[in-house]
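What follows is target-v7.cif (mmCIF, C-alpha atoms).
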```
data_input
#
loop_
_atom_site.group_PDB
_atom_site.id
_atom_site.type_symbol
_atom_site.label_atom_id
_atom_site.label_comp_id
_atom_site.auth_asym_id
_atom_site.auth_seq_id
_atom_site.Cartn_x
_atom_site.Cartn_y
_atom_site.Cartn_z
ATOM 1 C CA MET A 1 -15.384 7.968 39.149
ATOM 2 C CA LYS A 2 -18.064 6.232 37.138
ATOM 3 C CA PRO A 3 -18.706 6.517 33.400
ATOM 4 C CA ALA A 4 -21.520 8.565 31.942
ATOM 5 C CA PRO A 5 -24.602 6.537 30.946
ATOM 6 C CA PHE A 6 -24.274 4.556 27.717
ATOM 7 C CA ALA A 7 -26.067 1.868 25.707
ATOM 8 C CA TRP A 8 -24.305 -1.489 25.340
ATOM 9 C CA HIS A 9 -24.440 -3.888 22.397
ATOM 10 C CA ALA A 10 -22.655 -7.247 22.122
ATOM 11 C CA PRO A 11 -22.891 -8.483 18.510
ATOM 12 C CA GLU A 12 -21.689 -11.980 17.657
ATOM 13 C CA ASP A 13 -20.300 -11.344 14.183
ATOM 14 C CA LEU A 14 -18.274 -8.667 12.434
ATOM 15 C CA ALA A 15 -21.042 -7.591 10.065
ATOM 16 C CA ALA A 16 -23.399 -6.843 12.963
ATOM 17 C CA ALA A 17 -20.702 -4.876 14.785
ATOM 18 C CA LEU A 18 -19.987 -2.760 11.716
ATOM 19 C CA ALA A 19 -23.696 -2.197 11.123
ATOM 20 C CA LEU A 20 -24.074 -0.864 14.668
ATOM 21 C CA LYS A 21 -21.176 1.522 14.134
ATOM 22 C CA ALA A 22 -22.687 2.728 10.863
ATOM 23 C CA LEU A 23 -26.015 3.290 12.621
ATOM 24 C CA HIS A 24 -24.660 5.269 15.580
ATOM 25 C CA GLY A 25 -21.628 6.916 13.947
ATOM 26 C CA ALA A 26 -19.461 9.104 16.166
ATOM 27 C CA GLU A 27 -21.616 8.344 19.223
ATOM 28 C CA ALA A 28 -20.414 4.699 19.225
ATOM 29 C CA ARG A 29 -17.079 3.247 20.262
ATOM 30 C CA PHE A 30 -15.788 -0.299 19.795
ATOM 31 C CA LEU A 31 -14.796 -2.063 23.033
ATOM 32 C CA ALA A 32 -12.050 -4.700 22.825
ATOM 33 C CA GLY A 33 -9.833 -5.151 25.896
ATOM 34 C CA GLY A 34 -10.884 -1.804 27.358
ATOM 35 C CA GLN A 35 -7.539 -1.127 29.007
ATOM 36 C CA SER A 36 -7.454 2.430 27.607
ATOM 37 C CA LEU A 37 -11.107 3.147 26.861
ATOM 38 C CA VAL A 38 -12.621 2.109 30.206
ATOM 39 C CA PRO A 39 -10.329 4.312 32.359
ATOM 40 C CA ALA A 40 -11.025 7.217 29.991
ATOM 41 C CA MET A 41 -14.752 6.602 30.436
ATOM 42 C CA ASN A 42 -14.403 6.376 34.206
ATOM 43 C CA PHE A 43 -12.731 9.793 34.244
ATOM 44 C CA ARG A 44 -15.310 11.002 31.694
ATOM 45 C CA VAL A 45 -12.579 11.998 29.289
ATOM 46 C CA ALA A 46 -14.465 9.747 26.847
ATOM 47 C CA GLN A 47 -18.263 9.689 26.940
ATOM 48 C CA PRO A 48 -19.553 7.445 24.143
ATOM 49 C CA ALA A 49 -23.327 7.105 24.011
ATOM 50 C CA VAL A 50 -23.001 3.552 22.665
ATOM 51 C CA LEU A 51 -20.484 0.767 23.286
ATOM 52 C CA VAL A 52 -20.164 -1.978 20.677
ATOM 53 C CA ASP A 53 -18.567 -4.817 22.647
ATOM 54 C CA LEU A 54 -16.478 -7.077 20.381
ATOM 55 C CA ASN A 55 -15.780 -9.793 22.936
ATOM 56 C CA ARG A 56 -18.401 -12.161 21.470
ATOM 57 C CA VAL A 57 -17.097 -11.837 17.887
ATOM 58 C CA ALA A 58 -15.124 -15.086 17.825
ATOM 59 C CA ALA A 59 -13.818 -14.536 14.287
ATOM 60 C CA LEU A 60 -11.773 -11.551 15.494
ATOM 61 C CA ASP A 61 -9.872 -13.624 18.062
ATOM 62 C CA SER A 62 -7.368 -14.993 15.551
ATOM 63 C CA LEU A 63 -3.622 -15.507 15.375
ATOM 64 C CA GLN A 64 -2.263 -17.390 12.372
ATOM 65 C CA PHE A 65 0.550 -17.539 9.834
ATOM 66 C CA ASP A 66 -0.197 -17.703 6.118
ATOM 67 C CA ALA A 67 1.708 -19.962 3.752
ATOM 68 C CA ASP A 68 3.987 -17.057 2.780
ATOM 69 C CA GLY A 69 4.855 -16.404 6.445
ATOM 70 C CA THR A 70 2.602 -13.378 6.941
ATOM 71 C CA LEU A 71 1.237 -13.182 10.478
ATOM 72 C CA ARG A 72 -2.434 -12.184 10.760
ATOM 73 C CA ILE A 73 -3.617 -10.906 14.128
ATOM 74 C CA GLY A 74 -7.331 -10.332 14.703
ATOM 75 C CA ALA A 75 -8.732 -7.345 16.551
ATOM 76 C CA MET A 76 -9.651 -9.421 19.626
ATOM 77 C CA CYS A 77 -6.349 -11.273 19.998
ATOM 78 C CA ARG A 78 -4.954 -10.505 23.467
ATOM 79 C CA TYR A 79 -1.373 -9.375 24.028
ATOM 80 C CA ARG A 80 -0.697 -12.405 26.202
ATOM 81 C CA ARG A 81 -1.611 -14.882 23.490
ATOM 82 C CA ILE A 82 0.818 -13.265 21.061
ATOM 83 C CA GLU A 83 3.532 -12.943 23.696
ATOM 84 C CA ARG A 84 3.348 -16.654 24.611
ATOM 85 C CA ASP A 85 3.079 -18.055 21.081
ATOM 86 C CA ALA A 86 6.192 -20.074 20.227
ATOM 87 C CA GLU A 87 5.892 -19.506 16.469
ATOM 88 C CA VAL A 88 5.645 -15.748 16.949
ATOM 89 C CA ALA A 89 8.773 -15.812 19.105
ATOM 90 C CA ARG A 90 10.628 -17.853 16.475
ATOM 91 C CA ARG A 91 9.507 -16.001 13.349
ATOM 92 C CA LEU A 92 8.972 -12.457 14.673
ATOM 93 C CA PRO A 93 11.141 -12.156 17.788
ATOM 94 C CA LEU A 94 10.922 -8.345 17.765
ATOM 95 C CA LEU A 95 7.178 -8.538 18.415
ATOM 96 C CA ALA A 96 7.539 -10.993 21.288
ATOM 97 C CA GLU A 97 10.456 -9.085 22.824
ATOM 98 C CA ALA A 98 8.680 -5.720 22.760
ATOM 99 C CA LEU A 99 5.388 -7.135 24.045
ATOM 100 C CA ALA A 100 7.111 -8.166 27.270
ATOM 101 C CA GLU A 101 7.725 -4.446 27.930
ATOM 102 C CA VAL A 102 4.064 -3.459 27.583
ATOM 103 C CA ALA A 103 2.537 -2.473 30.942
ATOM 104 C CA HIS A 104 2.008 -5.429 33.309
ATOM 105 C CA PRO A 105 0.765 -9.038 32.962
ATOM 106 C CA GLN A 106 -2.694 -8.053 34.187
ATOM 107 C CA ILE A 107 -2.966 -5.518 31.353
ATOM 108 C CA ARG A 108 -1.588 -7.953 28.774
ATOM 109 C CA ASN A 109 -4.070 -10.615 29.823
ATOM 110 C CA ARG A 110 -6.979 -8.418 28.721
ATOM 111 C CA GLY A 111 -5.559 -5.796 26.377
ATOM 112 C CA THR A 112 -5.442 -6.240 22.599
ATOM 113 C CA LEU A 113 -2.815 -5.210 20.087
ATOM 114 C CA ALA A 114 -5.464 -3.673 17.828
ATOM 115 C CA GLY A 115 -6.856 -1.596 20.678
ATOM 116 C CA ASN A 116 -3.382 -0.334 21.507
ATOM 117 C CA LEU A 117 -2.757 0.721 17.916
ATOM 118 C CA CYS A 118 -6.101 2.535 17.690
ATOM 119 C CA HIS A 119 -5.338 4.398 20.915
ATOM 120 C CA ALA A 120 -2.163 5.598 19.133
ATOM 121 C CA ASP A 121 -0.198 6.813 22.130
ATOM 122 C CA PRO A 122 3.230 7.846 20.732
ATOM 123 C CA ALA A 123 4.881 6.648 23.953
ATOM 124 C CA SER A 124 3.576 3.114 23.448
ATOM 125 C CA GLU A 125 5.893 0.381 22.212
ATOM 126 C CA MET A 126 3.626 -1.344 19.712
ATOM 127 C CA PRO A 127 3.111 1.458 17.152
ATOM 128 C CA ALA A 128 6.890 1.794 16.743
ATOM 129 C CA VAL A 129 7.267 -1.979 16.411
ATOM 130 C CA MET A 130 4.596 -2.011 13.692
ATOM 131 C CA LEU A 131 6.598 0.593 11.769
ATOM 132 C CA ALA A 132 9.794 -1.431 12.094
ATOM 133 C CA LEU A 133 8.038 -4.603 10.892
ATOM 134 C CA GLU A 134 6.244 -2.797 8.021
ATOM 135 C CA ALA A 135 2.852 -4.004 9.216
ATOM 136 C CA ARG A 136 -0.345 -3.346 7.291
ATOM 137 C CA PHE A 137 -3.767 -2.826 8.848
ATOM 138 C CA ARG A 138 -7.081 -4.065 7.434
ATOM 139 C CA LEU A 139 -9.728 -1.450 8.155
ATOM 140 C CA CYS A 140 -13.368 -2.500 7.724
ATOM 141 C CA TRP A 141 -16.655 -0.631 7.612
ATOM 142 C CA HIS A 142 -20.231 -1.586 6.848
ATOM 143 C CA GLY A 143 -19.948 -2.379 3.150
ATOM 144 C CA GLY A 144 -16.216 -2.303 2.502
ATOM 145 C CA GLU A 145 -12.605 -2.504 3.629
ATOM 146 C CA ARG A 146 -9.164 -1.110 2.848
ATOM 147 C CA VAL A 147 -5.574 -1.886 3.817
ATOM 148 C CA VAL A 148 -3.365 0.875 5.245
ATOM 149 C CA PRO A 149 0.414 0.647 5.878
ATOM 150 C CA ALA A 150 1.442 1.321 9.468
ATOM 151 C CA ARG A 151 3.456 4.368 8.390
ATOM 152 C CA ASP A 152 0.248 6.012 7.093
ATOM 153 C CA PHE A 153 -1.947 5.031 10.050
ATOM 154 C CA PHE A 154 -0.602 7.203 12.873
ATOM 155 C CA LEU A 155 -1.406 10.875 12.329
ATOM 156 C CA GLY A 156 -0.686 12.455 15.715
ATOM 157 C CA PRO A 157 -1.044 11.914 19.474
ATOM 158 C CA LEU A 158 -4.104 9.654 19.906
ATOM 159 C CA ALA A 159 -5.030 10.279 16.246
ATOM 160 C CA THR A 160 -5.163 7.697 13.434
ATOM 161 C CA ALA A 161 -6.327 7.328 9.847
ATOM 162 C CA LEU A 162 -9.451 5.460 10.979
ATOM 163 C CA ALA A 163 -12.601 7.012 9.548
ATOM 164 C CA GLU A 164 -15.674 7.439 11.744
ATOM 165 C CA GLU A 165 -17.304 4.125 10.785
ATOM 166 C CA GLU A 166 -14.134 2.027 10.454
ATOM 167 C CA MET A 167 -12.702 -0.710 12.650
ATOM 168 C CA LEU A 168 -9.145 -2.030 12.704
ATOM 169 C CA ALA A 169 -10.121 -5.660 12.093
ATOM 170 C CA GLU A 170 -6.748 -7.269 11.382
ATOM 171 C CA ILE A 171 -3.010 -6.618 11.575
ATOM 172 C CA ARG A 172 -0.787 -8.192 8.923
ATOM 173 C CA ILE A 173 2.956 -8.533 9.499
ATOM 174 C CA PRO A 174 5.124 -9.855 6.632
ATOM 175 C CA ALA A 175 7.718 -12.575 7.122
ATOM 176 C CA LEU A 176 11.304 -11.554 7.823
ATOM 177 C CA PRO A 177 13.968 -12.717 5.345
ATOM 178 C CA ARG A 178 16.700 -15.095 6.464
ATOM 179 C CA GLY A 179 19.626 -13.171 7.918
ATOM 180 C CA THR A 180 17.442 -10.631 9.727
ATOM 181 C CA GLY A 181 18.242 -9.581 13.268
ATOM 182 C CA THR A 182 15.992 -7.483 15.481
ATOM 183 C CA SER A 183 16.028 -5.919 18.925
ATOM 184 C CA PHE A 184 13.947 -3.707 21.175
ATOM 185 C CA LEU A 185 15.344 -1.564 23.983
ATOM 186 C CA GLU A 186 13.700 1.081 26.133
ATOM 187 C CA VAL A 187 14.260 3.180 29.231
ATOM 188 C CA ALA A 188 11.311 3.678 31.587
ATOM 189 C CA ARG A 189 11.113 5.126 35.069
ATOM 190 C CA ARG A 190 9.669 1.873 36.383
ATOM 191 C CA ARG A 191 8.910 -1.511 34.863
ATOM 192 C CA GLY A 192 5.542 -1.244 33.106
ATOM 193 C CA ASP A 193 5.613 2.551 32.718
ATOM 194 C CA TYR A 194 5.533 4.156 29.304
ATOM 195 C CA ALA A 195 9.042 4.449 27.896
ATOM 196 C CA MET A 196 10.907 7.732 28.123
ATOM 197 C CA MET A 197 12.546 6.454 24.930
ATOM 198 C CA GLY A 198 12.265 3.156 23.067
ATOM 199 C CA VAL A 199 14.047 1.813 19.994
ATOM 200 C CA ALA A 200 13.031 -0.995 17.632
ATOM 201 C CA ALA A 201 15.861 -2.032 15.301
ATOM 202 C CA LEU A 202 15.820 -4.385 12.311
ATOM 203 C CA LEU A 203 18.866 -5.298 10.227
ATOM 204 C CA TRP A 204 19.027 -7.643 7.229
ATOM 205 C CA ARG A 205 22.554 -8.917 6.756
ATOM 206 C CA GLY A 206 23.798 -10.501 3.529
ATOM 207 C CA PRO A 207 26.003 -13.618 3.282
ATOM 208 C CA GLU A 208 29.102 -11.425 3.066
ATOM 209 C CA GLY A 209 28.213 -9.609 6.266
ATOM 210 C CA ARG A 210 27.146 -6.319 4.726
ATOM 211 C CA CYS A 211 23.839 -4.701 5.584
ATOM 212 C CA LEU A 212 21.219 -5.165 2.853
ATOM 213 C CA SER A 213 18.401 -3.324 4.604
ATOM 214 C CA ALA A 214 17.743 -1.553 7.903
ATOM 215 C CA ARG A 215 14.791 -0.081 9.744
ATOM 216 C CA LEU A 216 14.831 1.961 12.907
ATOM 217 C CA ALA A 217 11.668 3.054 14.734
ATOM 218 C CA LEU A 218 11.374 4.951 18.015
ATOM 219 C CA CYS A 219 8.617 5.536 20.558
ATOM 220 C CA SER A 220 8.357 8.612 22.824
ATOM 221 C CA ALA A 221 10.305 10.350 20.086
ATOM 222 C CA GLY A 222 7.643 12.639 18.637
ATOM 223 C CA PRO A 223 3.905 13.179 18.152
ATOM 224 C CA THR A 224 3.716 9.783 16.422
ATOM 225 C CA PRO A 225 5.978 6.734 16.424
ATOM 226 C CA MET A 226 9.017 7.888 14.468
ATOM 227 C CA LEU A 227 10.967 6.224 11.666
ATOM 228 C CA ALA A 228 14.618 7.296 11.558
ATOM 229 C CA GLU A 229 14.907 6.789 7.816
ATOM 230 C CA ARG A 230 18.163 8.624 7.163
ATOM 231 C CA ALA A 231 19.828 6.777 10.034
ATOM 232 C CA ALA A 232 18.638 3.427 8.683
ATOM 233 C CA ALA A 233 19.698 4.278 5.123
ATOM 234 C CA SER A 234 23.202 5.149 6.340
ATOM 235 C CA LEU A 235 23.710 1.533 7.407
ATOM 236 C CA VAL A 236 22.930 -0.057 4.039
ATOM 237 C CA GLY A 237 26.116 -1.438 2.473
ATOM 238 C CA THR A 238 28.174 -1.127 5.658
ATOM 239 C CA ARG A 239 29.839 -3.894 7.646
ATOM 240 C CA LEU A 240 27.773 -2.893 10.679
ATOM 241 C CA THR A 241 30.690 -1.787 12.818
ATOM 242 C CA PRO A 242 30.439 0.204 16.070
ATOM 243 C CA GLU A 243 31.451 3.277 14.071
ATOM 244 C CA ASP A 244 28.550 2.684 11.674
ATOM 245 C CA PHE A 245 26.162 2.432 14.616
ATOM 246 C CA ALA A 246 27.483 5.636 16.172
ATOM 247 C CA ALA A 247 27.042 7.505 12.890
ATOM 248 C CA ALA A 248 23.480 6.181 12.555
ATOM 249 C CA ALA A 249 22.697 7.234 16.119
ATOM 250 C CA ALA A 250 23.940 10.759 15.427
ATOM 251 C CA LEU A 251 21.551 10.959 12.473
ATOM 252 C CA ALA A 252 18.643 9.452 14.407
ATOM 253 C CA VAL A 253 18.931 12.101 17.109
ATOM 254 C CA THR A 254 18.409 14.792 14.474
ATOM 255 C CA GLU A 255 15.386 13.023 12.938
ATOM 256 C CA ILE A 256 13.248 12.667 16.049
ATOM 257 C CA ASP A 257 11.062 15.356 17.598
ATOM 258 C CA PRO A 258 10.541 14.445 21.284
ATOM 259 C CA MET A 259 7.854 16.392 23.086
ATOM 260 C CA GLY A 260 9.031 15.851 26.645
ATOM 261 C CA SER A 261 6.990 14.685 29.620
ATOM 262 C CA VAL A 262 6.872 14.965 33.399
ATOM 263 C CA GLN A 263 9.580 12.293 33.457
ATOM 264 C CA ALA A 264 11.984 13.497 30.776
ATOM 265 C CA SER A 265 12.757 16.729 28.954
ATOM 266 C CA PRO A 266 13.139 16.697 25.153
ATOM 267 C CA ALA A 267 16.895 17.112 25.594
ATOM 268 C CA TYR A 268 17.082 14.080 27.855
ATOM 269 C CA GLN A 269 14.948 12.058 25.444
ATOM 270 C CA ARG A 270 17.374 12.913 22.650
ATOM 271 C CA HIS A 271 20.236 11.832 24.886
ATOM 272 C CA LEU A 272 18.488 8.507 25.540
ATOM 273 C CA ALA A 273 17.988 7.977 21.813
ATOM 274 C CA GLY A 274 21.689 8.563 21.242
ATOM 275 C CA VAL A 275 22.504 5.894 23.819
ATOM 276 C CA LEU A 276 19.856 3.310 22.895
ATOM 277 C CA VAL A 277 20.156 3.378 19.093
ATOM 278 C CA PRO A 278 23.737 2.031 18.855
ATOM 279 C CA ARG A 279 23.007 -0.562 21.543
ATOM 280 C CA ALA A 280 19.882 -1.761 19.749
ATOM 281 C CA LEU A 281 21.697 -1.871 16.391
ATOM 282 C CA ALA A 282 24.609 -3.818 17.833
ATOM 283 C CA LEU A 283 22.238 -6.376 19.351
ATOM 284 C CA ALA A 284 20.280 -6.707 16.102
ATOM 285 C CA ALA A 285 23.493 -7.160 14.111
ATOM 286 C CA GLU A 286 24.685 -9.856 16.511
ATOM 287 C CA ARG A 287 21.393 -11.698 16.136
ATOM 288 C CA ALA A 288 21.494 -11.342 12.335
ATOM 289 C CA ALA A 289 24.875 -13.075 12.313
#
```
Could the structure of this file be written out as structure tokens, please?
Amino acid sequence: MKPAPFAWHAPEDLAAALALKALHGAEARFLAGGQSLVPAMNFRVAQPAVLVDLNRVAALDSLQFDADGTLRIGAMCRYRRIERDAEVARRLPLLAEALAEVAHPQIRNRGTLAGNLCHADPASEMPAVMLALEARFRLCWHGGERVVPARDFFLGPLATALAEEEMLAEIRIPALPRGTGTSFLEVARRRGDYAMMGVAALLWRGPEGRCLSARLALCSAGPTPMLAERAAASLVGTRLTPEDFAAAAALAVTEIDPMGSVQASPAYQRHLAGVLVPRALALAAERAA
């Protein structure tokens, strides 16, 4: 199918893009990689009257580390650039590892992390990874900006905290402390499909081997990416043994709220979580050591 008629604007700076959004309001949509929006327009699920194309806004195509180790990712930074960056792989291996599971290379060549997060599909890997990494999002509008933690950004399936005139302009991911291990595991019907269940694990291990902090986030586990907070808290102070991982997995299964799909029932998704969580925790603990 073909999209409904629309007006197209290609501003060259952020201020102009935000001004266009303020002018047209709900009738306008920002276009980044277009890997979700364009198919929706072709099927006429989405019918924006105005497209504000961000591909000429060079300032948004950024990927850099601050002096304190915070990674800043601009709205127009493609998946592939992040995935192939050696410093990202060294400092934030969870991000690089999970990105390799996103769709296919053709999608990653054009798609953007910011666009993925705004689409807010609970089966997608990246929202869960942002929760595990405690990312913060800089939201801008014509005349102002605010910073929202990832845990407050995702409100429901395909629903976010973005207001009508706002744009997700930048993703900020804090540095990981020394002694942190991470892992990402998922089960999908085929390579590149959305996960039936995915687990992002982060463990911070002290010099004596005990767990100082833990985070556990899951995709395809509910109406939003899910944080298994009780499961993660149960690991703090432990020696991170297989028994500790099994106990955390049992808690995680009770914290998630899978909705099921044509590929997996909620019961099967819970089963997958029970299998993947201890495996992901064991791998993260090994890497932390």
Proximity to Arg287 of chain A - best of A:Gly181, A:Gly115, A:Pro93, A:Pro48, all atoms listed in the file: A:Gly181
Evaluate the PyMOL selection byres ((chain A and resi 142) around 9) against this structure - the residues, as a PDB file with C-alpha atoms, in the coordinates of the input, please.
```pdb
ATOM      1  CA  ALA A  15     -21.042  -7.591  10.065  1.00  0.00           C
ATOM      2  CA  ALA A  16     -23.399  -6.843  12.963  1.00  0.00           C
ATOM      3  CA  ALA A  17     -20.702  -4.876  14.785  1.00  0.00           C
ATOM      4  CA  LEU A  18     -19.987  -2.760  11.716  1.00  0.00           C
ATOM      5  CA  ALA A  19     -23.696  -2.197  11.123  1.00  0.00           C
ATOM      6  CA  LEU A  20     -24.074  -0.864  14.668  1.00  0.00           C
ATOM      7  CA  LYS A  21     -21.176   1.522  14.134  1.00  0.00           C
ATOM      8  CA  ALA A  22     -22.687   2.728  10.863  1.00  0.00           C
ATOM      9  CA  CYS A 140     -13.368  -2.500   7.724  1.00  0.00           C
ATOM     10  CA  TRP A 141     -16.655  -0.631   7.612  1.00  0.00           C
ATOM     11  CA  GLY A 143     -19.948  -2.379   3.150  1.00  0.00           C
ATOM     12  CA  GLY A 144     -16.216  -2.303   2.502  1.00  0.00           C
ATOM     13  CA  GLU A 145     -12.605  -2.504   3.629  1.00  0.00           C
ATOM     14  CA  GLU A 165     -17.304   4.125  10.785  1.00  0.00           C
ATOM     15  CA  GLU A 166     -14.134   2.027  10.454  1.00  0.00           C
TER      16      GLU A 166
END
```
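Nearest residue to His24 of chain A, choosing from A:Ala159, A:Ala114, A:Ala7, A:Ala267 and counting all atoms listed in the file: A:Ala7.
When the PyMOL selection byres ((chain A and resi 192-200) around 6) is evaluated against the file, it yields Ala103, His104, Ala123, Val129, Ser183, Phe184, Leu185, Glu186, Val187, Ala188, Arg190, Arg191, Ala201, Leu216, Ala217, Leu218, Cys219 and Ser220 of chain A.
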Could you list, as a compact mmCIF listing (two decimals) with C-alpha atoms, in the coordinates of the input, every residue within 8 Å of Leu51 of chain A, counting all atoms listed in the file and ignoring same-chain residues fewer than 6 positions away?
```
# COMPACT_ATOMS: atom_id res chain seq x y z
CA PHE A 6 -24.27 4.56 27.72
CA ALA A 7 -26.07 1.87 25.71
CA TRP A 8 -24.30 -1.49 25.34
CA HIS A 9 -24.44 -3.89 22.40
CA ALA A 28 -20.41 4.70 19.23
CA ARG A 29 -17.08 3.25 20.26
CA PHE A 30 -15.79 -0.30 19.80
CA LEU A 31 -14.80 -2.06 23.03
```
Picked residues, the PyMOL selection byres ((chain A and resi 268) around 12), as a PyMOL selection string: chain A and resi 187+196-197+220-221+253+257-267+269-275
Residue nearest Ala135 of chain A - candidates A:Thr180, A:Thr70, A:Asn109, A:Asn116, atoms counted: all atoms listed in the file: A:Thr70
